file model04.pdb (PDB, C-alpha atoms, pLDDT in the B column)
ATOM      1  CA  MET A   1     123.912 -17.520  34.092  1.00 43.00           C
ATOM      2  CA  PRO A   2     125.963 -15.251  36.381  1.00 45.00           C
ATOM      3  CA  TRP A   3     129.280 -13.899  35.213  1.00 44.00           C
ATOM      4  CA  ILE A   4     130.729 -14.077  38.729  1.00 45.00           C
ATOM      5  CA  GLU A   5     130.237 -17.052  40.973  1.00 54.00           C
ATOM      6  CA  ASN A   6     131.956 -19.456  43.314  1.00 64.00           C
ATOM      7  CA  ILE A   7     132.288 -23.007  42.052  1.00 74.00           C
ATOM      8  CA  ASP A   8     132.688 -26.169  44.084  1.00 83.00           C
ATOM      9  CA  GLU A   9     135.154 -28.921  43.282  1.00 86.00           C
ATOM     10  CA  THR A  10     132.594 -31.020  41.431  1.00 89.00           C
ATOM     11  CA  ARG A  11     131.847 -28.161  39.045  1.00 88.00           C
ATOM     12  CA  ALA A  12     135.557 -27.406  38.765  1.00 89.00           C
ATOM     13  CA  VAL A  13     136.223 -30.958  37.572  1.00 92.00           C
ATOM     14  CA  GLU A  14     133.392 -30.689  35.028  1.00 91.00           C
ATOM     15  CA  LEU A  15     134.807 -27.439  33.662  1.00 91.00           C
ATOM     16  CA  PHE A  16     138.337 -28.790  33.641  1.00 92.00           C
ATOM     17  CA  LYS A  17     137.202 -31.774  31.577  1.00 93.00           C
ATOM     18  CA  ALA A  18     135.268 -29.509  29.213  1.00 90.00           C
ATOM     19  CA  TRP A  19     138.288 -27.303  28.545  1.00 91.00           C
ATOM     20  CA  PHE A  20     141.198 -29.727  28.629  1.00 93.00           C
ATOM     21  CA  VAL A  21     140.027 -33.352  28.413  1.00 93.00           C
ATOM     22  CA  LYS A  22     137.152 -33.597  25.942  1.00 91.00           C
ATOM     23  CA  PRO A  23     138.830 -31.550  23.156  1.00 88.00           C
ATOM     24  CA  MET A  24     141.935 -33.724  23.353  1.00 89.00           C
ATOM     25  CA  SER A  25     140.009 -37.014  23.335  1.00 89.00           C
ATOM     26  CA  THR A  26     139.512 -36.871  19.552  1.00 86.00           C
ATOM     27  CA  MET A  27     143.242 -36.610  18.817  1.00 86.00           C
ATOM     28  CA  ASP A  28     145.447 -39.506  17.725  1.00 84.00           C
ATOM     29  CA  THR A  29     149.150 -40.070  18.331  1.00 83.00           C
ATOM     30  CA  ASP A  30     150.101 -37.130  16.126  1.00 83.00           C
ATOM     31  CA  GLY A  31     148.088 -34.856  18.410  1.00 86.00           C
ATOM     32  CA  GLY A  32     150.649 -35.389  21.145  1.00 87.00           C
ATOM     33  CA  PHE A  33     152.475 -32.236  20.061  1.00 87.00           C
ATOM     34  CA  VAL A  34     149.363 -30.149  20.710  1.00 90.00           C
ATOM     35  CA  ALA A  35     148.634 -32.071  23.914  1.00 91.00           C
ATOM     36  CA  PHE A  36     152.157 -31.233  25.078  1.00 90.00           C
ATOM     37  CA  MET A  37     151.520 -27.519  24.558  1.00 89.00           C
ATOM     38  CA  VAL A  38     148.316 -27.718  26.588  1.00 92.00           C
ATOM     39  CA  ALA A  39     150.018 -29.737  29.304  1.00 94.00           C
ATOM     40  CA  LEU A  40     152.921 -27.296  29.624  1.00 92.00           C
ATOM     41  CA  ALA A  41     150.523 -24.424  30.262  1.00 91.00           C
ATOM     42  CA  LEU A  42     148.651 -26.522  32.803  1.00 95.00           C
ATOM     43  CA  TYR A  43     151.892 -27.764  34.332  1.00 95.00           C
ATOM     44  CA  GLU A  44     152.852 -24.276  35.445  1.00 93.00           C
ATOM     45  CA  ARG A  45     149.390 -23.944  37.003  1.00 94.00           C
ATOM     46  CA  LEU A  46     149.870 -27.337  38.687  1.00 96.00           C
ATOM     47  CA  ILE A  47     153.219 -26.429  40.238  1.00 96.00           C
ATOM     48  CA  ILE A  48     151.920 -23.125  41.606  1.00 95.00           C
ATOM     49  CA  ALA A  49     148.809 -24.841  42.966  1.00 95.00           C
ATOM     50  CA  LYS A  50     150.940 -27.431  44.760  1.00 96.00           C
ATOM     51  CA  LEU A  51     153.018 -24.695  46.360  1.00 96.00           C
ATOM     52  CA  LYS A  52     149.879 -22.873  47.475  1.00 95.00           C
ATOM     53  CA  LEU A  53     148.408 -26.003  49.061  1.00 95.00           C
ATOM     54  CA  GLU A  54     151.701 -26.533  50.879  1.00 95.00           C
ATOM     55  CA  ASN A  55     151.524 -22.924  52.132  1.00 94.00           C
ATOM     56  CA  SER A  56     154.864 -22.320  50.425  1.00 94.00           C
ATOM     57  CA  ASP A  57     156.102 -19.276  48.562  1.00 94.00           C
ATOM     58  CA  THR A  58     155.028 -19.011  44.939  1.00 92.00           C
ATOM     59  CA  ASP A  59     157.770 -16.670  43.767  1.00 94.00           C
ATOM     60  CA  LYS A  60     159.997 -17.547  40.819  1.00 94.00           C
ATOM     61  CA  PRO A  61     162.784 -19.241  42.836  1.00 94.00           C
ATOM     62  CA  ALA A  62     160.244 -21.459  44.598  1.00 96.00           C
ATOM     63  CA  ILE A  63     158.545 -22.384  41.311  1.00 95.00           C
ATOM     64  CA  LYS A  64     161.880 -23.246  39.687  1.00 95.00           C
ATOM     65  CA  GLN A  65     162.912 -25.412  42.619  1.00 96.00           C
ATOM     66  CA  LYS A  66     159.567 -27.231  42.636  1.00 96.00           C
ATOM     67  CA  ILE A  67     159.799 -27.942  38.904  1.00 96.00           C
ATOM     68  CA  SER A  68     163.344 -29.276  39.295  1.00 96.00           C
ATOM     69  CA  GLU A  69     162.203 -31.600  42.078  1.00 96.00           C
ATOM     70  CA  ASP A  70     159.095 -32.728  40.222  1.00 96.00           C
ATOM     71  CA  LEU A  71     160.836 -33.417  36.903  1.00 96.00           C
ATOM     72  CA  GLU A  72     163.937 -34.818  38.611  1.00 96.00           C
ATOM     73  CA  LEU A  73     166.190 -32.387  36.788  1.00 95.00           C
ATOM     74  CA  SER A  74     169.118 -30.303  37.946  1.00 95.00           C
ATOM     75  CA  ASP A  75     168.551 -26.562  38.058  1.00 94.00           C
ATOM     76  CA  HIS A  76     170.535 -26.178  34.839  1.00 93.00           C
ATOM     77  CA  ASP A  77     168.676 -28.929  32.991  1.00 93.00           C
ATOM     78  CA  ARG A  78     165.343 -27.600  34.248  1.00 93.00           C
ATOM     79  CA  SER A  79     166.241 -24.183  32.854  1.00 91.00           C
ATOM     80  CA  VAL A  80     167.147 -25.678  29.462  1.00 90.00           C
ATOM     81  CA  PHE A  81     163.975 -27.793  29.387  1.00 90.00           C
ATOM     82  CA  TRP A  82     161.790 -24.790  30.270  1.00 91.00           C
ATOM     83  CA  ASN A  83     163.375 -22.531  27.684  1.00 87.00           C
ATOM     84  CA  LEU A  84     163.272 -25.229  25.002  1.00 86.00           C
ATOM     85  CA  PHE A  85     159.703 -26.384  25.453  1.00 88.00           C
ATOM     86  CA  ARG A  86     157.597 -24.102  27.596  1.00 90.00           C
ATOM     87  CA  ASP A  87     158.966 -20.778  26.321  1.00 87.00           C
ATOM     88  CA  GLY A  88     159.334 -22.033  22.770  1.00 80.00           C
ATOM     89  CA  LEU A  89     155.976 -23.754  22.392  1.00 81.00           C
ATOM     90  CA  LEU A  90     153.853 -21.213  24.264  1.00 82.00           C
ATOM     91  CA  HIS A  91     155.492 -18.168  22.711  1.00 83.00           C
ATOM     92  CA  GLN A  92     156.160 -19.279  19.137  1.00 78.00           C
ATOM     93  CA  GLY A  93     154.483 -22.666  18.746  1.00 76.00           C
ATOM     94  CA  MET A  94     157.776 -24.539  18.297  1.00 80.00           C
ATOM     95  CA  PRO A  95     160.638 -25.509  20.631  1.00 83.00           C
ATOM     96  CA  ASN A  96     163.289 -22.843  21.081  1.00 82.00           C
ATOM     97  CA  ILE A  97     166.376 -23.473  18.949  1.00 80.00           C
ATOM     98  CA  GLY A  98     169.595 -23.960  20.874  1.00 81.00           C
ATOM     99  CA  LYS A  99     172.391 -26.368  21.715  1.00 88.00           C
ATOM    100  CA  THR A 100     169.896 -28.923  23.082  1.00 87.00           C
ATOM    101  CA  GLY A 101     167.538 -30.748  20.748  1.00 88.00           C
ATOM    102  CA  PHE A 102     164.476 -32.866  21.443  1.00 89.00           C
ATOM    103  CA  ILE A 103     162.788 -36.132  20.511  1.00 89.00           C
ATOM    104  CA  LEU A 104     159.100 -36.777  21.183  1.00 90.00           C
ATOM    105  CA  HIS A 105     158.217 -40.471  21.001  1.00 92.00           C
ATOM    106  CA  PRO A 106     155.849 -42.986  22.678  1.00 93.00           C
ATOM    107  CA  ASN A 107     158.837 -45.094  23.778  1.00 94.00           C
ATOM    108  CA  PHE A 108     159.914 -42.404  26.214  1.00 94.00           C
ATOM    109  CA  ALA A 109     158.584 -41.652  29.695  1.00 95.00           C
ATOM    110  CA  GLU A 110     156.253 -39.003  31.125  1.00 96.00           C
ATOM    111  CA  LYS A 111     159.187 -36.990  32.446  1.00 96.00           C
ATOM    112  CA  PRO A 112     161.965 -35.510  30.303  1.00 95.00           C
ATOM    113  CA  LYS A 113     165.219 -37.442  30.121  1.00 94.00           C
ATOM    114  CA  LEU A 114     168.402 -35.881  28.797  1.00 93.00           C
ATOM    115  CA  LYS A 115     170.174 -38.191  26.335  1.00 94.00           C
ATOM    116  CA  TYR A 116     172.765 -37.719  23.586  1.00 94.00           C
ATOM    117  CA  ASP A 117     172.506 -38.130  19.836  1.00 92.00           C
ATOM    118  CA  GLY A 118     176.222 -38.427  19.156  1.00 92.00           C
ATOM    119  CA  GLU A 119     177.574 -35.366  20.906  1.00 92.00           C
ATOM    120  CA  LYS A 120     174.326 -33.376  20.781  1.00 92.00           C
ATOM    121  CA  PRO A 121     172.215 -33.364  23.967  1.00 91.00           C
ATOM    122  CA  VAL A 122     168.520 -34.059  23.371  1.00 93.00           C
ATOM    123  CA  PHE A 123     165.551 -34.055  25.716  1.00 92.00           C
ATOM    124  CA  CYS A 124     163.440 -37.168  25.235  1.00 94.00           C
ATOM    125  CA  ILE A 125     159.833 -37.376  26.392  1.00 93.00           C
ATOM    126  CA  ASP A 126     156.472 -38.860  25.435  1.00 94.00           C
ATOM    127  CA  PRO A 127     154.182 -35.823  25.101  1.00 92.00           C
ATOM    128  CA  TRP A 128     150.989 -37.838  25.627  1.00 95.00           C
ATOM    129  CA  LYS A 129     152.295 -39.410  28.825  1.00 96.00           C
ATOM    130  CA  PHE A 130     153.267 -35.967  30.103  1.00 95.00           C
ATOM    131  CA  TYR A 131     149.797 -34.654  29.254  1.00 96.00           C
ATOM    132  CA  GLN A 132     148.046 -37.604  30.929  1.00 96.00           C
ATOM    133  CA  ARG A 133     150.141 -37.248  34.040  1.00 97.00           C
ATOM    134  CA  VAL A 134     149.340 -33.549  34.416  1.00 97.00           C
ATOM    135  CA  ILE A 135     145.631 -34.100  33.761  1.00 97.00           C
ATOM    136  CA  GLN A 136     145.379 -36.964  36.249  1.00 97.00           C
ATOM    137  CA  GLU A 137     147.072 -34.963  38.984  1.00 97.00           C
ATOM    138  CA  PHE A 138     144.402 -32.285  38.657  1.00 96.00           C
ATOM    139  CA  LEU A 139     141.517 -34.752  38.474  1.00 96.00           C
ATOM    140  CA  SER A 140     142.738 -36.783  41.440  1.00 95.00           C
ATOM    141  CA  ASN A 141     142.942 -33.645  43.602  1.00 95.00           C
ATOM    142  CA  PRO A 142     140.408 -30.990  42.480  1.00 93.00           C
ATOM    143  CA  CYS A 143     141.839 -28.549  45.028  1.00 93.00           C
ATOM    144  CA  LEU A 144     144.650 -28.097  42.542  1.00 94.00           C
ATOM    145  CA  ILE A 145     142.129 -26.901  39.951  1.00 93.00           C
ATOM    146  CA  THR A 146     140.534 -24.262  42.180  1.00 89.00           C
ATOM    147  CA  ALA A 147     143.754 -23.056  43.818  1.00 90.00           C
ATOM    148  CA  SER A 148     144.300 -20.338  41.207  1.00 85.00           C
ATOM    149  CA  GLU A 149     142.597 -17.043  42.018  1.00 79.00           C
ATOM    150  CA  SER A 150     144.222 -15.083  39.194  1.00 81.00           C
ATOM    151  CA  PHE A 151     143.331 -17.574  36.456  1.00 84.00           C
ATOM    152  CA  PRO A 152     139.977 -19.176  37.370  1.00 82.00           C
ATOM    153  CA  LEU A 153     138.286 -21.584  34.991  1.00 83.00           C
ATOM    154  CA  ALA A 154     135.908 -19.893  32.575  1.00 80.00           C
ATOM    155  CA  GLN A 155     132.309 -21.095  32.718  1.00 78.00           C
ATOM    156  CA  VAL A 156     130.719 -23.153  30.002  1.00 73.00           C
ATOM    157  CA  GLY A 157     127.087 -22.287  29.491  1.00 72.00           C
ATOM    158  CA  VAL A 158     124.388 -20.889  27.233  1.00 72.00           C
ATOM    159  CA  ILE A 159     123.917 -17.232  26.367  1.00 71.00           C
ATOM    160  CA  GLN A 160     121.641 -15.701  23.757  1.00 75.00           C
ATOM    161  CA  LEU A 161     123.548 -13.530  21.308  1.00 78.00           C
ATOM    162  CA  GLY A 162     120.564 -11.194  21.106  1.00 79.00           C
ATOM    163  CA  GLN A 163     121.023 -10.081  24.697  1.00 79.00           C
ATOM    164  CA  LEU A 164     124.457  -8.614  23.964  1.00 80.00           C
ATOM    165  CA  THR A 165     124.576  -4.853  23.378  1.00 84.00           C
ATOM    166  CA  ASP A 166     127.200  -2.401  22.174  1.00 86.00           C
ATOM    167  CA  LEU A 167     126.772  -0.235  25.277  1.00 86.00           C
ATOM    168  CA  PRO A 168     126.119  -1.079  28.924  1.00 84.00           C
ATOM    169  CA  SER A 169     122.522  -0.824  30.072  1.00 78.00           C
ATOM    170  CA  GLU A 170     121.620   2.225  32.151  1.00 73.00           C
ATOM    171  CA  SER A 171     121.140   0.153  35.271  1.00 59.00           C
ATOM    172  CA  ASN A 172     124.655  -1.217  34.968  1.00 53.00           C
ATOM    173  CA  SER A 173     126.427   1.916  33.831  1.00 50.00           C
ATOM    174  CA  ALA A 174     129.384   3.196  35.772  1.00 48.00           C
ATOM    175  CA  ASN A 175     127.504   6.436  36.553  1.00 48.00           C
ATOM    176  CA  ASP A 176     124.595   4.646  38.227  1.00 46.00           C
ATOM    177  CA  SER A 177     126.415   1.816  39.981  1.00 41.00           C
ATOM    178  CA  PRO A 178     128.609   2.310  43.043  1.00 43.00           C
ATOM    179  CA  ALA A 179     132.110   0.904  42.939  1.00 42.00           C
ATOM    180  CA  ILE A 180     132.359  -2.586  44.406  1.00 39.00           C
ATOM    181  CA  PRO A 181     135.400  -3.180  46.629  1.00 43.00           C
ATOM    182  CA  SER A 182     137.487  -5.949  45.130  1.00 42.00           C
ATOM    183  CA  GLN A 183     137.708  -7.779  48.449  1.00 42.00           C
ATOM    184  CA  ASN A 184     133.925  -8.342  48.329  1.00 43.00           C
ATOM    185  CA  LEU A 185     134.049 -10.175  45.002  1.00 40.00           C
ATOM    186  CA  PRO A 186     133.909 -13.981  44.947  1.00 40.00           C
ATOM    187  CA  THR A 187     137.265 -15.649  44.502  1.00 41.00           C
ATOM    188  CA  THR A 188     136.300 -17.147  41.151  1.00 42.00           C
ATOM    189  CA  VAL A 189     135.475 -14.843  38.249  1.00 40.00           C
ATOM    190  CA  THR A 190     134.218 -16.640  35.190  1.00 43.00           C
ATOM    191  CA  GLY A 191     133.303 -15.864  31.626  1.00 45.00           C
ATOM    192  CA  VAL A 192     130.612 -17.439  29.486  1.00 43.00           C
ATOM    193  CA  ILE A 193     131.099 -19.347  26.257  1.00 41.00           C
ATOM    194  CA  LYS A 194     128.653 -21.172  23.980  1.00 38.00           C
ATOM    195  CA  THR A 195     126.043 -19.093  22.226  1.00 36.00           C
ATOM    196  CA  ASP A 196     122.816 -21.079  21.948  1.00 37.00           C
ATOM    197  CA  HIS A 197     121.590 -24.597  21.340  1.00 37.00           C
ATOM    198  CA  SER A 198     121.940 -24.266  17.581  1.00 38.00           C
ATOM    199  CA  SER A 199     125.714 -23.802  17.751  1.00 37.00           C
ATOM    200  CA  GLY A 200     126.537 -26.645  20.104  1.00 40.00           C
ATOM    201  CA  ASP A 201     127.231 -30.319  19.584  1.00 40.00           C
ATOM    202  CA  GLY A 202     125.652 -31.625  22.737  1.00 39.00           C
ATOM    203  CA  ASP A 203     126.560 -31.256  26.378  1.00 37.00           C
ATOM    204  CA  PRO A 204     130.174 -29.930  26.471  1.00 37.00           C
ATOM    205  CA  LEU A 205     130.719 -31.543  29.857  1.00 36.00           C
ATOM    206  CA  THR A 206     129.994 -35.152  28.903  1.00 34.00           C
TER     207      THR A 206
END
call {"tool": "encode", "arguments": {"input": "model04.pdb", "output": "structure tokens"}}
result
Amino acid sequence: MPWIENIDETRAVELFKAWFVKPMSTMDTDGGFVAFMVALALYERLIIAKLKLENSDTDKPAIKQKISEDLELSDHDRSVFWNLFRDGLLHQGMPNIGKTGFILHPNFAEKPKLKYDGEKPVFCIDPWKFYQRVIQEFLSNPCLITASESFPLAQVGVIQLGQLTDLPSESNSANDSPAIPSQNLPTTVTGVIKTDHSSGDGDPLT
């Protein structure tokens, strides 16, 4: 299996499901917290992909504006939401403590809604609905999956552990191989996971 290759949209969907759909399918309601963490990482990818497909800027101001529009939040509330959830969960595994609290519950919607518990502001959202929404946007438009050149999907395949070595082979050493201009590389660079048939639990893409 090659380490560098271009993938079409069909393969991209298969890989996307292998990484982000199948692992979550075994989780129950309590797994929504973990699903939310996964979805927040993917959400940033989704927003940038949408901007790219619109031929829009993908700098920080453009990303912030797109998130505000998508989540139907003011710039201030978007900033609080992002710091609370995205920065908190993806940096420390828990929402960031502050003046605004949070409630995760199936009764809430797929988008965050700012409410008040007495005088304390709280963001309310159903993490599973948010996850499902993000996943379905990617699956309904695979171009969003392949839009990222900096963070391409890693391949899922079979590799024999015995073929790995501590040093590069002579034919592939830096001394024997000419430098390859980066512009000649395919747009999608992928890694390989799975070791051999004995370590798997069936086809990871089903």
call {"tool": "residues_around", "arguments": {"input": "model04.pdb", "residues": "A:Thr58", "least_positions_apart": "3", "cutoff": "9 Å", "atoms": "only C-alpha atoms", "output": "ChimeraX atom specification"}}
result
/A:47-49,51-52,55,61-63
call {"tool": "write_last_selection", "arguments": {"input": "model04.pdb", "atoms": "C-alpha atoms", "output": "mmCIF file, in the frame of the given file"}}
result
data_model
loop_
_atom_site.group_PDB
_atom_site.id
_atom_site.type_symbol
_atom_site.label_atom_id
_atom_site.label_comp_id
_atom_site.auth_asym_id
_atom_site.auth_seq_id
_atom_site.Cartn_x
_atom_site.Cartn_y
_atom_site.Cartn_z
ATOM 1 C CA ILE A 47 153.219 -26.429 40.238
ATOM 2 C CA ILE A 48 151.920 -23.125 41.606
ATOM 3 C CA ALA A 49 148.809 -24.841 42.966
ATOM 4 C CA LEU A 51 153.018 -24.695 46.360
ATOM 5 C CA LYS A 52 149.879 -22.873 47.475
ATOM 6 C CA ASN A 55 151.524 -22.924 52.132
ATOM 7 C CA PRO A 61 162.784 -19.241 42.836
ATOM 8 C CA ALA A 62 160.244 -21.459 44.598
ATOM 9 C CA ILE A 63 158.545 -22.384 41.311
#
call {"tool": "closest_residue", "arguments": {"input": "model04.pdb", "among": "A:Lys129, A:Lys22, A:Lys17, A:Arg11", "to": "A:Pro112", "atoms": "only C-alpha atoms"}}
result
A:Lys129
call {"tool": "resolve_selection", "arguments": {"input": "model04.pdb", "expression": "the PyMOL selection byres ((chain A and resi 24-36) around 12)", "output": "count of residues only"}}
result
42
call {"tool": "atom_distance", "arguments": {"input": "model04.pdb", "atom1": "atom CA of A:Ile145", "atom2": "atom CA of A:Lys66"}}
result
17.6 Å
call {"tool": "atom_distance", "arguments": {"input": "model04.pdb", "atom1": "atom CA of A:Leu53", "atom2": "atom CA of A:Lys113"}}
result
27.8 Å
call {"tool": "residues_around", "arguments": {"input": "model04.pdb", "residues": "A:Gln65", "least_positions_apart": "4", "cutoff": "12 Å", "atoms": "only C-alpha atoms", "output": "mmCIF file with C-alpha atoms, in the frame of the given file"}}
result
data_model
loop_
_atom_site.group_PDB
_atom_site.id
_atom_site.type_symbol
_atom_site.label_atom_id
_atom_site.label_comp_id
_atom_site.auth_asym_id
_atom_site.auth_seq_id
_atom_site.Cartn_x
_atom_site.Cartn_y
_atom_site.Cartn_z
ATOM 1 C CA ILE A 47 153.219 -26.429 40.238
ATOM 2 C CA ILE A 48 151.920 -23.125 41.606
ATOM 3 C CA LEU A 51 153.018 -24.695 46.360
ATOM 4 C CA SER A 56 154.864 -22.320 50.425
ATOM 5 C CA ASP A 57 156.102 -19.276 48.562
ATOM 6 C CA THR A 58 155.028 -19.011 44.939
ATOM 7 C CA ASP A 59 157.770 -16.670 43.767
ATOM 8 C CA LYS A 60 159.997 -17.547 40.819
ATOM 9 C CA PRO A 61 162.784 -19.241 42.836
ATOM 10 C CA GLU A 69 162.203 -31.600 42.078
ATOM 11 C CA ASP A 70 159.095 -32.728 40.222
ATOM 12 C CA LEU A 71 160.836 -33.417 36.903
ATOM 13 C CA GLU A 72 163.937 -34.818 38.611
ATOM 14 C CA LEU A 73 166.190 -32.387 36.788
ATOM 15 C CA SER A 74 169.118 -30.303 37.946
ATOM 16 C CA ASP A 75 168.551 -26.562 38.058
ATOM 17 C CA HIS A 76 170.535 -26.178 34.839
ATOM 18 C CA ASP A 77 168.676 -28.929 32.991
ATOM 19 C CA ARG A 78 165.343 -27.600 34.248
ATOM 20 C CA SER A 79 166.241 -24.183 32.854
#
call {"tool": "build_atoms", "arguments": {"input": "model04.pdb", "residues": "stretch 27-48 of chain A", "atoms": "N, CA and C atoms", "output": "CSV table (one decimal), in the coordinates of the input"}}
result
chain,number,residue,atom,x,y,z
A,27,MET,N,141.9,-36.6,19.5
A,27,MET,CA,143.2,-36.6,18.8
A,27,MET,C,143.9,-38.0,18.8
A,28,ASP,N,144.7,-38.3,17.8
A,28,ASP,CA,145.4,-39.5,17.7
A,28,ASP,C,146.9,-39.3,18.2
A,29,THR,N,147.8,-40.2,17.9
A,29,THR,CA,149.2,-40.1,18.3
A,29,THR,C,149.8,-38.8,17.9
A,30,ASP,N,149.5,-38.4,16.7
A,30,ASP,CA,150.1,-37.1,16.1
A,30,ASP,C,149.7,-35.9,16.9
A,31,GLY,N,148.6,-36.0,17.6
A,31,GLY,CA,148.1,-34.9,18.4
A,31,GLY,C,148.9,-34.6,19.7
A,32,GLY,N,149.8,-35.5,19.9
A,32,GLY,CA,150.6,-35.4,21.1
A,32,GLY,C,151.4,-34.1,21.2
A,33,PHE,N,151.8,-33.5,20.1
A,33,PHE,CA,152.5,-32.2,20.1
A,33,PHE,C,151.6,-31.1,20.6
A,34,VAL,N,150.3,-31.1,20.2
A,34,VAL,CA,149.4,-30.1,20.7
A,34,VAL,C,149.0,-30.4,22.2
A,35,ALA,N,148.9,-31.7,22.5
A,35,ALA,CA,148.6,-32.1,23.9
A,35,ALA,C,149.8,-31.6,24.8
A,36,PHE,N,151.0,-31.7,24.3
A,36,PHE,CA,152.2,-31.2,25.1
A,36,PHE,C,152.1,-29.7,25.4
A,37,MET,N,151.7,-29.0,24.4
A,37,MET,CA,151.5,-27.5,24.6
A,37,MET,C,150.5,-27.2,25.6
A,38,VAL,N,149.4,-27.9,25.6
A,38,VAL,CA,148.3,-27.7,26.6
A,38,VAL,C,148.8,-28.1,28.0
A,39,ALA,N,149.5,-29.2,28.0
A,39,ALA,CA,150.0,-29.7,29.3
A,39,ALA,C,151.1,-28.8,29.9
A,40,LEU,N,151.9,-28.2,29.1
A,40,LEU,CA,152.9,-27.3,29.6
A,40,LEU,C,152.3,-26.1,30.3
A,41,ALA,N,151.2,-25.6,29.7
A,41,ALA,CA,150.5,-24.4,30.3
A,41,ALA,C,149.9,-24.8,31.6
A,42,LEU,N,149.3,-26.0,31.6
A,42,LEU,CA,148.7,-26.5,32.8
A,42,LEU,C,149.7,-26.9,33.8
A,43,TYR,N,150.9,-27.3,33.4
A,43,TYR,CA,151.9,-27.8,34.3
A,43,TYR,C,152.3,-26.6,35.2
A,44,GLU,N,152.5,-25.4,34.6
A,44,GLU,CA,152.9,-24.3,35.4
A,44,GLU,C,151.8,-24.0,36.5
A,45,ARG,N,150.5,-24.1,36.1
A,45,ARG,CA,149.4,-23.9,37.0
A,45,ARG,C,149.5,-25.0,38.1
A,46,LEU,N,149.8,-26.2,37.7
A,46,LEU,CA,149.9,-27.3,38.7
A,46,LEU,C,150.9,-27.1,39.7
A,47,ILE,N,152.1,-26.7,39.3
A,47,ILE,CA,153.2,-26.4,40.2
A,47,ILE,C,152.9,-25.3,41.2
A,48,ILE,N,152.3,-24.2,40.7
A,48,ILE,CA,151.9,-23.1,41.6
A,48,ILE,C,150.8,-23.6,42.6
